Amino acid sequence: MKADVLLGLQWGDEGKGKIVDVLTPGYEVIARFQGGPNAGHSLEFNHRKFILHTIPSGVFRKDKLNIIGNGVVIDPAIFIDEIQALEREGVDLTDRLFISTKAHLILPTHRMLDAASEAAKGRSRIGSTLKGIGPAYMDKTGRNGLRVGDIIRSDFKKKYKTLTQKHADLLKMYRYKVDPGDYEKKWFEGLDMIRRFRLVESEYLINQWLENEKSILAEGAQGTLLDIDFGTYPYVTSSNTITAGALAGLGLAPSRVGKIKGIFKAYCTRVGSGPFPTELHDEDGEFLREKGHEFGATTGRPRRCGWLDLPALRYAIMLNGVTELIMTKPDVLTGLDTFRVCTHYRINGKETGNLPFSLEDPIEPVYKTFKGWSRDISGIRKYDDLPEELKNYKAFIEKETGIPVTLISVGSDREAVIGNGDR
């Protein structure tokens, strides 16, 4: 048995939470492999909306197992809020949630370092969510971090005090007052909550499950273009968001990976700073933002909107080895007489389909215009009932990328999906 991987192909916010929820009935285990509470995976069903930050998106399907992998960074204070919110909805994860002992912890002082560092950058700030993600990963790679497995060891408090003192010394450089206050109290309450669950050497467990023919879906956070190595650096996240991150973030060998499902919006969005070649600053951009409800699930910030960027999409497909595509939010395009897609870049007078070293250099997108449709598609459940214009758009993307679009999401509810078999 091999594990399938599902990840975003743009700058995040592609709809991963909903799609994981839709696909979960076909799997026995959902495993989150990187990122932290900067993720905001939205799920909607029964006229209710839920947002998950750390916990895998398979939790609303009964009898499914969920793992927070070693590549994830966990803030116990946010974790306890998520668990308590789920419990209020009658979702009991006591026997269904496993947490890797090798996952790193975000400390209250990590959040302070994040805020102090971002403020010091002034106009060059990268748009951090200020959740302490970057400083936590810095401690991980600097071999200073605290891991989930440490919280059940006798020397944990000593390690905690040593690391927080180091952070306090760093914060003095920023002239930032060190005062965790009530957050630290809640953080320790969150540790007690974490101890309620099964703390496991998840790399052994996952590989054992595969040997026992259990089906596993690895769930990514953020998006490919935010990858620390291959994204639009330095305006990126602090982890590997690509397929390689699933291997390192769960302890999987390359030979253990099966299908790779890449999610993309029918247009593009981005939160925070950073280059965005197809960004729109006109009424079309505002149309996409308002109709698509493009506001960050974690931060609430308005998302920047633009047309689909095929050079970036092809790049993401190449890096991840995508075997099938999933399109979300084409329903947002409904009502536009025409819409556009960037097929190439023009750089220094020459056209290219490749991403340059820096997207901050002068880039002129080369567009192809498509005819829109006016009929509401959010209630459609059969492929044949979709407007011909959308079918043509889908076919064009498949031709340009060489990858089939196997699922189309036409609304926020878990039922609003159309597969290639729905003909």
# chains A, B, ... in the order shown; residues from 1 in each chain; ligands from 1
call {"tool": "residues_around", "arguments": {"residues": "range 209-213 of chain A", "least_positions_apart": "2", "cutoff": "10 Å", "atoms": "only C-alpha atoms", "output": "compact mmCIF listing (two decimals) with N, CA and C atoms, in the first residue's frame"}}
result
# COMPACT_ATOMS: atom_id res chain seq x y z
N MET A 1 0.84 -1.20 0.00
CA MET A 1 0.00 0.00 0.00
C MET A 1 0.88 1.25 0.00
N LYS A 2 0.43 2.28 -0.71
CA LYS A 2 1.15 3.55 -0.77
C LYS A 2 0.27 4.68 -0.26
N ALA A 3 0.92 5.69 0.29
CA ALA A 3 0.19 6.86 0.78
C ALA A 3 0.00 7.86 -0.34
N GLU A 28 -8.47 5.61 5.31
CA GLU A 28 -8.61 5.23 6.71
C GLU A 28 -7.84 6.16 7.64
N VAL A 29 -6.83 6.83 7.11
CA VAL A 29 -5.97 7.70 7.92
C VAL A 29 -5.71 9.01 7.17
N TYR A 204 7.00 5.13 12.66
CA TYR A 204 6.81 3.68 12.76
C TYR A 204 5.34 3.31 12.51
N LEU A 205 4.45 4.10 13.12
CA LEU A 205 3.02 3.79 13.03
C LEU A 205 2.52 3.88 11.60
N ILE A 206 2.90 4.94 10.90
CA ILE A 206 2.45 5.14 9.53
C ILE A 206 2.94 4.02 8.62
N ASN A 207 4.21 3.68 8.74
CA ASN A 207 4.76 2.62 7.89
C ASN A 207 4.17 1.25 8.24
N SER A 215 -5.18 2.61 4.05
CA SER A 215 -5.07 3.69 3.09
C SER A 215 -4.83 5.02 3.83
N ILE A 216 -3.85 5.79 3.35
CA ILE A 216 -3.43 7.02 4.03
C ILE A 216 -3.42 8.18 3.05
N ARG A 256 7.07 4.90 -1.08
CA ARG A 256 5.80 4.73 -0.35
C ARG A 256 4.72 5.71 -0.83
call {"tool": "residues_around", "arguments": {"residues": "Ala136 in chain A", "least_positions_apart": "5", "cutoff": "8 Å", "atoms": "only C-alpha atoms", "output": "MDAnalysis selection string"}}
result
chainID A and resid 73 104:107 110 145
call {"tool": "write_last_selection", "arguments": {"atoms": "N, CA and C atoms", "output": "compact mmCIF listing (two decimals), in the first residue's frame"}}
result
# COMPACT_ATOMS: atom_id res chain seq x y z
N VAL A 73 4.45 22.05 13.47
CA VAL A 73 4.76 22.76 14.71
C VAL A 73 3.44 23.09 15.40
N HIS A 104 7.45 19.63 16.77
CA HIS A 104 7.99 20.69 17.61
C HIS A 104 6.89 21.59 18.18
N LEU A 105 7.22 22.21 19.31
CA LEU A 105 6.27 23.08 20.00
C LEU A 105 6.57 24.55 19.71
N ILE A 106 5.51 25.33 19.53
CA ILE A 106 5.61 26.79 19.45
C ILE A 106 5.42 27.34 20.86
N LEU A 107 6.41 28.05 21.36
CA LEU A 107 6.34 28.61 22.71
C LEU A 107 5.73 30.01 22.67
N HIS A 110 8.06 32.38 21.21
CA HIS A 110 8.19 32.32 19.74
C HIS A 110 7.27 33.35 19.10
N GLY A 145 15.06 23.40 19.71
CA GLY A 145 13.62 23.30 19.91
C GLY A 145 13.18 22.30 20.96
call {"tool": "atom_distance", "arguments": {"atom1": "CA of Leu355 in chain A", "atom2": "CA of Arg32 in chain A"}}
result
28.3 Å
call {"tool": "residues_around", "arguments": {"residues": "Ile83 in chain A", "least_positions_apart": "4", "cutoff": "9 Å", "atoms": "only C-alpha atoms", "output": "number ranges by chain"}}
result
A: 55, 78-79, 87-88, 91-93, 193
call {"tool": "write_last_selection", "arguments": {"atoms": "N, CA and C atoms", "output": "PDB file, in the first residue's frame"}}
result
ATOM      1  N   ILE A  55      -5.189  20.567  13.494  1.00  0.00           N
ATOM      2  CA  ILE A  55      -5.754  19.223  13.443  1.00  0.00           C
ATOM      3  C   ILE A  55      -6.083  18.843  11.995  1.00  0.00           C
ATOM      4  N   ILE A  78      -3.370  27.154  21.015  1.00  0.00           N
ATOM      5  CA  ILE A  78      -4.313  27.101  19.892  1.00  0.00           C
ATOM      6  C   ILE A  78      -4.899  25.707  19.778  1.00  0.00           C
ATOM      7  N   PHE A  79      -4.083  24.703  20.043  1.00  0.00           N
ATOM      8  CA  PHE A  79      -4.547  23.319  19.994  1.00  0.00           C
ATOM      9  C   PHE A  79      -5.715  23.087  20.949  1.00  0.00           C
ATOM     10  N   GLU A  87     -15.143  19.463  20.545  1.00  0.00           N
ATOM     11  CA  GLU A  87     -15.909  18.744  21.567  1.00  0.00           C
ATOM     12  C   GLU A  87     -17.289  19.357  21.765  1.00  0.00           C
ATOM     13  N   ARG A  88     -17.380  20.673  21.637  1.00  0.00           N
ATOM     14  CA  ARG A  88     -18.694  21.325  21.745  1.00  0.00           C
ATOM     15  C   ARG A  88     -19.624  20.894  20.617  1.00  0.00           C
ATOM     16  N   VAL A  91     -17.626  16.180  18.616  1.00  0.00           N
ATOM     17  CA  VAL A  91     -16.550  15.437  17.962  1.00  0.00           C
ATOM     18  C   VAL A  91     -15.529  15.024  19.028  1.00  0.00           C
ATOM     19  N   ASP A  92     -15.435  13.744  19.294  1.00  0.00           N
ATOM     20  CA  ASP A  92     -14.509  13.212  20.286  1.00  0.00           C
ATOM     21  C   ASP A  92     -13.333  12.553  19.562  1.00  0.00           C
ATOM     22  N   LEU A  93     -12.141  13.109  19.737  1.00  0.00           N
ATOM     23  CA  LEU A  93     -10.965  12.618  19.038  1.00  0.00           C
ATOM     24  C   LEU A  93     -10.044  11.785  19.922  1.00  0.00           C
ATOM     25  N   MET A 193      -3.766  19.156  27.650  1.00  0.00           N
ATOM     26  CA  MET A 193      -4.684  18.633  26.637  1.00  0.00           C
ATOM     27  C   MET A 193      -3.949  17.691  25.688  1.00  0.00           C
TER      28      MET A 193
END
call {"tool": "closest_residue", "arguments": {"among": "A:Gly231, A:Pro311, A:Gly223, A:Gly249", "to": "Leu9 in chain A", "atoms": "only C-alpha atoms"}}
result
A:Gly223
call {"tool": "select_by_dssp", "arguments": {"residues": "range 22-233 of chain A", "states": "alpha helix (DSSP H)", "output": "tab-separated table (two decimals) with C-alpha atoms, in the first residue's frame"}}
result
chain	number	residue	atom	x	y	z
A	22	VAL	CA	-14.54	15.21	0.60
A	23	LEU	CA	-11.86	12.59	-0.05
A	76	PRO	CA	-0.69	24.12	22.65
A	77	ALA	CA	-2.76	27.25	23.36
A	78	ILE	CA	-4.31	27.10	19.89
A	79	PHE	CA	-4.55	23.32	19.99
A	80	ILE	CA	-6.70	23.38	23.14
A	81	ASP	CA	-9.07	25.90	21.53
A	82	GLU	CA	-9.49	23.63	18.51
A	83	ILE	CA	-10.13	20.52	20.59
A	84	GLN	CA	-12.64	22.27	22.84
A	85	ALA	CA	-14.47	23.72	19.83
A	86	LEU	CA	-14.72	20.25	18.29
A	87	GLU	CA	-15.91	18.74	21.57
A	88	ARG	CA	-18.69	21.32	21.74
A	108	PRO	CA	4.70	31.87	23.83
A	109	THR	CA	8.08	33.56	23.36
A	110	HIS	CA	8.19	32.32	19.74
A	111	ARG	CA	5.13	34.47	19.10
A	112	MET	CA	6.87	37.48	20.66
A	113	LEU	CA	9.96	36.92	18.53
A	114	ASP	CA	7.76	36.70	15.44
A	115	ALA	CA	6.03	39.99	16.23
A	116	ALA	CA	9.28	41.76	17.15
A	117	SER	CA	11.10	40.55	14.04
A	118	GLU	CA	8.25	41.47	11.70
A	119	ALA	CA	7.88	44.94	13.22
A	120	ALA	CA	11.61	45.57	12.85
A	133	ILE	CA	5.91	29.64	13.11
A	134	GLY	CA	9.20	31.01	11.77
A	135	PRO	CA	10.97	31.26	15.15
A	136	ALA	CA	9.80	27.73	16.06
A	137	TYR	CA	11.26	26.30	12.84
A	138	MET	CA	14.44	28.32	13.43
A	139	ASP	CA	14.84	26.66	16.81
A	140	LYS	CA	14.16	23.30	15.16
A	141	THR	CA	16.90	23.73	12.58
A	156	PHE	CA	10.88	19.40	30.48
A	157	LYS	CA	10.48	22.47	32.70
A	158	LYS	CA	14.23	22.95	32.84
A	159	LYS	CA	14.43	22.81	29.04
A	160	TYR	CA	11.51	25.22	28.78
A	161	LYS	CA	13.14	27.78	31.08
A	162	THR	CA	16.46	27.52	29.25
A	163	LEU	CA	14.86	28.16	25.86
A	164	THR	CA	12.60	30.98	27.03
A	165	GLN	CA	15.59	32.72	28.64
A	166	LYS	CA	17.40	32.51	25.33
A	167	HIS	CA	14.37	34.08	23.67
A	168	ALA	CA	14.26	36.82	26.32
A	169	ASP	CA	17.86	37.71	25.53
A	170	LEU	CA	17.03	37.91	21.83
A	171	LEU	CA	13.99	40.07	22.49
A	172	LYS	CA	16.18	42.60	24.30
A	173	MET	CA	17.84	43.26	20.94
A	181	GLY	CA	1.03	36.85	30.63
A	182	ASP	CA	-2.15	34.79	30.44
A	183	TYR	CA	-1.02	33.20	27.18
A	184	GLU	CA	1.62	31.19	29.00
A	185	LYS	CA	-0.98	29.91	31.47
A	186	LYS	CA	-3.20	28.79	28.60
A	187	TRP	CA	-0.16	27.29	26.86
A	188	PHE	CA	0.51	24.97	29.80
A	189	GLU	CA	-3.18	24.05	29.90
A	190	GLY	CA	-2.76	23.12	26.24
A	191	LEU	CA	0.10	20.81	27.15
A	192	ASP	CA	-2.24	18.98	29.52
A	193	MET	CA	-4.68	18.63	26.64
A	194	ILE	CA	-1.98	17.23	24.35
A	202	SER	CA	4.41	8.29	14.09
A	203	GLU	CA	7.00	7.26	11.48
A	204	TYR	CA	6.81	3.68	12.76
A	205	LEU	CA	3.02	3.79	13.03
A	206	ILE	CA	2.45	5.14	9.53
A	207	ASN	CA	4.76	2.62	7.89
A	208	GLN	CA	3.21	-0.17	9.91
A	209	TRP	CA	-0.25	0.87	8.75
A	210	LEU	CA	0.91	0.84	5.14
A	211	GLU	CA	2.29	-2.66	5.64
call {"tool": "atom_distance", "arguments": {"atom1": "CA of Arg346 in chain A", "atom2": "CA of Pro362 in chain A"}}
result
8.8 Å
call {"tool": "residues_around", "arguments": {"residues": "Gly379 in chain A", "least_positions_apart": "4", "cutoff": "9 Å", "atoms": "only C-alpha atoms", "output": "count of residues only"}}
result
3
call {"tool": "atom_distance", "arguments": {"atom1": "CA of Lys329 in chain A", "atom2": "CA of Phe264 in chain A"}}
result
8.8 Å
call {"tool": "residues_around", "arguments": {"residues": "Glu389 in chain A", "least_positions_apart": "2", "cutoff": "9 Å", "atoms": "only C-alpha atoms", "output": "number ranges by chain"}}
result
A: 370-373, 386-387, 391-394
call {"tool": "closest_residue", "arguments": {"among": "A:Asp337, A:Asp331, A:Glu219, A:Glu283", "to": "Val72 in chain A", "atoms": "only C-alpha atoms"}}
result
A:Glu219
call {"tool": "closest_residue", "arguments": {"among": "A:Lys121, A:Lys399, A:Arg303, A:Lys261", "to": "Tyr174 in chain A", "atoms": "only C-alpha atoms"}}
result
A:Lys121
call {"tool": "select_by_dssp", "arguments": {"residues": "range 26-125 of chain A", "states": "strand (DSSP E)", "output": "list in words"}}
result
Val29, Ile30, Ala31, Arg32, His41, Ser42, Leu43, Glu44, Phe45, Arg48, Lys49, Phe50, Ile51, Leu52, Leu65, Asn66, Ile67, Ile68, Val73, Ile74, Leu97, Phe98, Ile99, Ser100, His104 and Leu105 of chain A
